[in-house]
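Shown next, in structure tokens, is the structure this report addresses.
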Amino acid sequence: MTDHAQTMTPYSANPFVYVFSALAIGAVFLYFGFAVIDRTGLEVHTSVATVTGKVFSASGKAYYTTIAGGRAWVQSQDTPETYAVTLNLGGEPTVGLVSKEMFDALKTNDIVHVKVRRTRITRRLEVIDLTK
């Protein structure tokens with residue numbers, strides 16, 4: 001056999017497999033690392049907010065198509081009903097999820113007590129708890 005003749009494996013035929021795999025794994029670690037840095041260990045503040053609106057999303061099914069083995073597979077996913085209220089907290093809009101009972105009891109311009117936290121990087125307000 002000559003020096004140029006070697007046994008070819010899938011990895012020696014395309015070394016990009018190693019590079020792509022490392023990049024994909026690195027991207028996943030960056031994504032979850034960002035979420036951990038942005039949201040863990042945040043200080044929770046109690047404040048007063050004004051209800052500016054209410055949003056109800058009915059339960060249902062979401063459908064999506066996956067191509068596997070050259071065939072299209074339609075799959076469904078159940079989506080629960082959600083009750084959300086839009087709030088004005090010191091001039092900054094935000095949204096909080098509530099129970100159906102709280103949703104029915106709240107009206108626009110009601111004053112509510114909220115526990116919120118501000119994320120580190122994205123600077124978003126996240127409503128932790130909402131009481132009337």
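Residue numbering restarts at 1 for every chain of the structure tokens, chains are lettered A, B, ... in their displayed order, and ligands are numbered from 1 as they appear.
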| message | Taking 2 positions as the minimum chain separation for residues in the same chain, which residues sit within 6 Å of range 34-49 of chain A when counting only C-alpha atoms? Answer as a VMD selection string. | response | chain A and resid 30 to 32 88 to 89 111 to 117 119 to 121
Could you take the residues named above and write them with N, CA, C and O atoms, as an mmCIF file, in the first residue's frame?
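This went into selection.cif:
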data_model
loop_
_atom_site.group_PDB
_atom_site.id
_atom_site.type_symbol
_atom_site.label_atom_id
_atom_site.label_comp_id
_atom_site.auth_asym_id
_atom_site.auth_seq_id
_atom_site.Cartn_x
_atom_site.Cartn_y
_atom_site.Cartn_z
ATOM 1 N N LEU A 30 -23.874 28.079 25.785
ATOM 2 C CA LEU A 30 -24.016 29.541 25.833
ATOM 3 C C LEU A 30 -25.450 29.951 26.102
ATOM 4 O O LEU A 30 -25.719 30.860 26.895
ATOM 5 N N TYR A 31 -26.403 29.291 25.448
ATOM 6 C CA TYR A 31 -27.810 29.619 25.625
ATOM 7 C C TYR A 31 -28.243 29.425 27.080
ATOM 8 O O TYR A 31 -28.832 30.305 27.695
ATOM 9 N N PHE A 32 -27.954 28.243 27.631
ATOM 10 C CA PHE A 32 -28.365 27.972 29.002
ATOM 11 C C PHE A 32 -27.536 28.767 30.009
ATOM 12 O O PHE A 32 -28.040 29.172 31.050
ATOM 13 N N ASN A 88 -49.076 48.257 34.676
ATOM 14 C CA ASN A 88 -48.194 49.408 34.607
ATOM 15 C C ASN A 88 -47.533 49.514 35.972
ATOM 16 O O ASN A 88 -48.197 49.762 36.972
ATOM 17 N N LEU A 89 -46.240 49.331 36.006
ATOM 18 C CA LEU A 89 -45.491 49.335 37.253
ATOM 19 C C LEU A 89 -44.493 50.490 37.199
ATOM 20 O O LEU A 89 -43.437 50.379 36.594
ATOM 21 N N ILE A 111 -55.795 48.587 41.421
ATOM 22 C CA ILE A 111 -54.463 48.621 42.014
ATOM 23 C C ILE A 111 -54.181 47.245 42.607
ATOM 24 O O ILE A 111 -55.002 46.709 43.353
ATOM 25 N N VAL A 112 -53.024 46.662 42.281
ATOM 26 C CA VAL A 112 -52.649 45.347 42.784
ATOM 27 C C VAL A 112 -51.250 45.404 43.393
ATOM 28 O O VAL A 112 -50.457 46.285 43.073
ATOM 29 N N HIS A 113 -50.981 44.460 44.272
ATOM 30 C CA HIS A 113 -49.657 44.327 44.871
ATOM 31 C C HIS A 113 -48.930 43.208 44.131
ATOM 32 O O HIS A 113 -49.485 42.121 43.943
ATOM 33 N N VAL A 114 -47.719 43.480 43.714
ATOM 34 C CA VAL A 114 -46.961 42.502 42.943
ATOM 35 C C VAL A 114 -45.580 42.282 43.563
ATOM 36 O O VAL A 114 -45.018 43.180 44.190
ATOM 37 N N LYS A 115 -45.091 41.073 43.392
ATOM 38 C CA LYS A 115 -43.699 40.767 43.693
ATOM 39 C C LYS A 115 -43.021 40.599 42.339
ATOM 40 O O LYS A 115 -43.457 39.776 41.522
ATOM 41 N N VAL A 116 -41.992 41.395 42.100
ATOM 42 C CA VAL A 116 -41.316 41.378 40.804
ATOM 43 C C VAL A 116 -39.810 41.267 40.995
ATOM 44 O O VAL A 116 -39.283 41.563 42.072
ATOM 45 N N ARG A 117 -39.157 40.863 39.930
ATOM 46 C CA ARG A 117 -37.700 40.875 39.885
ATOM 47 C C ARG A 117 -37.268 41.366 38.513
ATOM 48 O O ARG A 117 -37.977 41.175 37.522
ATOM 49 N N THR A 119 -34.468 41.182 35.555
ATOM 50 C CA THR A 119 -33.391 40.324 35.065
ATOM 51 C C THR A 119 -32.115 41.147 34.864
ATOM 52 O O THR A 119 -32.169 42.355 34.646
ATOM 53 N N ARG A 120 -30.979 40.493 34.971
ATOM 54 C CA ARG A 120 -29.686 41.193 34.939
ATOM 55 C C ARG A 120 -29.326 41.751 33.574
ATOM 56 O O ARG A 120 -28.921 42.887 33.452
ATOM 57 N N ILE A 121 -29.420 40.930 32.546
ATOM 58 C CA ILE A 121 -28.919 41.321 31.232
ATOM 59 C C ILE A 121 -30.017 41.966 30.390
ATOM 60 O O ILE A 121 -29.821 43.035 29.826
#
| Can you list, as a VMD selection string, every protein, DNA or RNA residue that comes within 8 Å of Val98 in chain A when you count only C-alpha atoms, leaving out same-chain residues fewer than 4 positions away? | chain A and resid 83 to 85 102 to 103 130
| Which of chain A fall in helix (DSSP H, G or I), as number ranges by chain | A: 10-13, 16-39, 100-105
Any chance you can output those residues with C-alpha atoms as a PDB file, in the first residue's frame?
ATOM      1  CA  PRO A  10     -16.852   8.879   8.058  1.00  0.00           C
ATOM      2  CA  TYR A  11     -14.795  11.123  10.361  1.00  0.00           C
ATOM      3  CA  SER A  12     -11.685  11.181   8.208  1.00  0.00           C
ATOM      4  CA  ALA A  13     -13.796  11.813   5.109  1.00  0.00           C
ATOM      5  CA  PHE A  16     -16.125  19.236   9.680  1.00  0.00           C
ATOM      6  CA  VAL A  17     -18.249  16.811  11.745  1.00  0.00           C
ATOM      7  CA  TYR A  18     -16.001  17.536  14.745  1.00  0.00           C
ATOM      8  CA  VAL A  19     -16.145  21.288  14.217  1.00  0.00           C
ATOM      9  CA  PHE A  20     -19.910  21.367  13.751  1.00  0.00           C
ATOM     10  CA  SER A  21     -20.503  19.156  16.804  1.00  0.00           C
ATOM     11  CA  ALA A  22     -18.285  21.351  18.984  1.00  0.00           C
ATOM     12  CA  LEU A  23     -20.051  24.502  17.751  1.00  0.00           C
ATOM     13  CA  ALA A  24     -23.512  23.020  18.376  1.00  0.00           C
ATOM     14  CA  ILE A  25     -22.622  21.903  21.904  1.00  0.00           C
ATOM     15  CA  GLY A  26     -21.002  25.288  22.590  1.00  0.00           C
ATOM     16  CA  ALA A  27     -24.140  27.108  21.415  1.00  0.00           C
ATOM     17  CA  VAL A  28     -26.320  25.064  23.765  1.00  0.00           C
ATOM     18  CA  PHE A  29     -24.012  25.826  26.709  1.00  0.00           C
ATOM     19  CA  LEU A  30     -24.016  29.541  25.833  1.00  0.00           C
ATOM     20  CA  TYR A  31     -27.810  29.619  25.625  1.00  0.00           C
ATOM     21  CA  PHE A  32     -28.365  27.972  29.002  1.00  0.00           C
ATOM     22  CA  GLY A  33     -25.461  29.868  30.559  1.00  0.00           C
ATOM     23  CA  PHE A  34     -27.067  33.141  29.470  1.00  0.00           C
ATOM     24  CA  ALA A  35     -30.379  32.098  31.049  1.00  0.00           C
ATOM     25  CA  VAL A  36     -28.676  31.148  34.320  1.00  0.00           C
ATOM     26  CA  ILE A  37     -26.740  34.417  34.538  1.00  0.00           C
ATOM     27  CA  ASP A  38     -29.782  36.497  33.558  1.00  0.00           C
ATOM     28  CA  ARG A  39     -32.364  34.945  35.909  1.00  0.00           C
ATOM     29  CA  LYS A 100     -59.136  32.328  36.569  1.00  0.00           C
ATOM     30  CA  GLU A 101     -60.666  33.584  39.828  1.00  0.00           C
ATOM     31  CA  MET A 102     -58.190  36.491  40.039  1.00  0.00           C
ATOM     32  CA  PHE A 103     -58.677  37.214  36.325  1.00  0.00           C
ATOM     33  CA  ASP A 104     -62.458  37.456  36.796  1.00  0.00           C
ATOM     34  CA  ALA A 105     -62.087  39.651  39.915  1.00  0.00           C
TER      35      ALA A 105
END
| task | Using DSSP on the backbone coordinates, identify all residues within range 9-48 of chain A classified as strand (DSSP E or B); present the result as a PyMOL selection string. | result | chain A and resi 45-48
| note | If you count only C-alpha atoms, the residue of A:Ala72, A:Ile128, A:Leu106, A:Ala62 closest to Thr50 in chain A turns out to be A:Leu106
| field | Nearby residues (only C-alpha atoms) at most 7 Å from Thr108 in chain A, same-chain spacing under 2 positions excluded, as a list in words | value |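 Listing them by chain and then by number gives Val51, Thr52, Gly53, Leu106 and Asp110 of chain A.
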Using the selection just defined, write its residues with C-alpha atoms as an mmCIF file, in the first residue's frame.
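Wrote out_7.cif, looks like this:
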data_model
loop_
_atom_site.group_PDB
_atom_site.id
_atom_site.type_symbol
_atom_site.label_atom_id
_atom_site.label_comp_id
_atom_site.auth_asym_id
_atom_site.auth_seq_id
_atom_site.Cartn_x
_atom_site.Cartn_y
_atom_site.Cartn_z
ATOM 1 C CA VAL A 51 -54.030 46.821 35.818
ATOM 2 C CA THR A 52 -54.118 48.154 32.247
ATOM 3 C CA GLY A 53 -55.781 45.208 30.528
ATOM 4 C CA LEU A 106 -59.692 42.199 38.369
ATOM 5 C CA ASP A 110 -57.454 48.220 39.715
#
| query | Just how far from CA of Pro80 in chain A is CA of Ile67 in chain A, in Å to one decimal? | reply | 25.9 Å
| field | Interatomic distance, CA of Pro93 in chain A to CA of Asn109 in chain A (Å, one decimal) | value | 13.3 Å
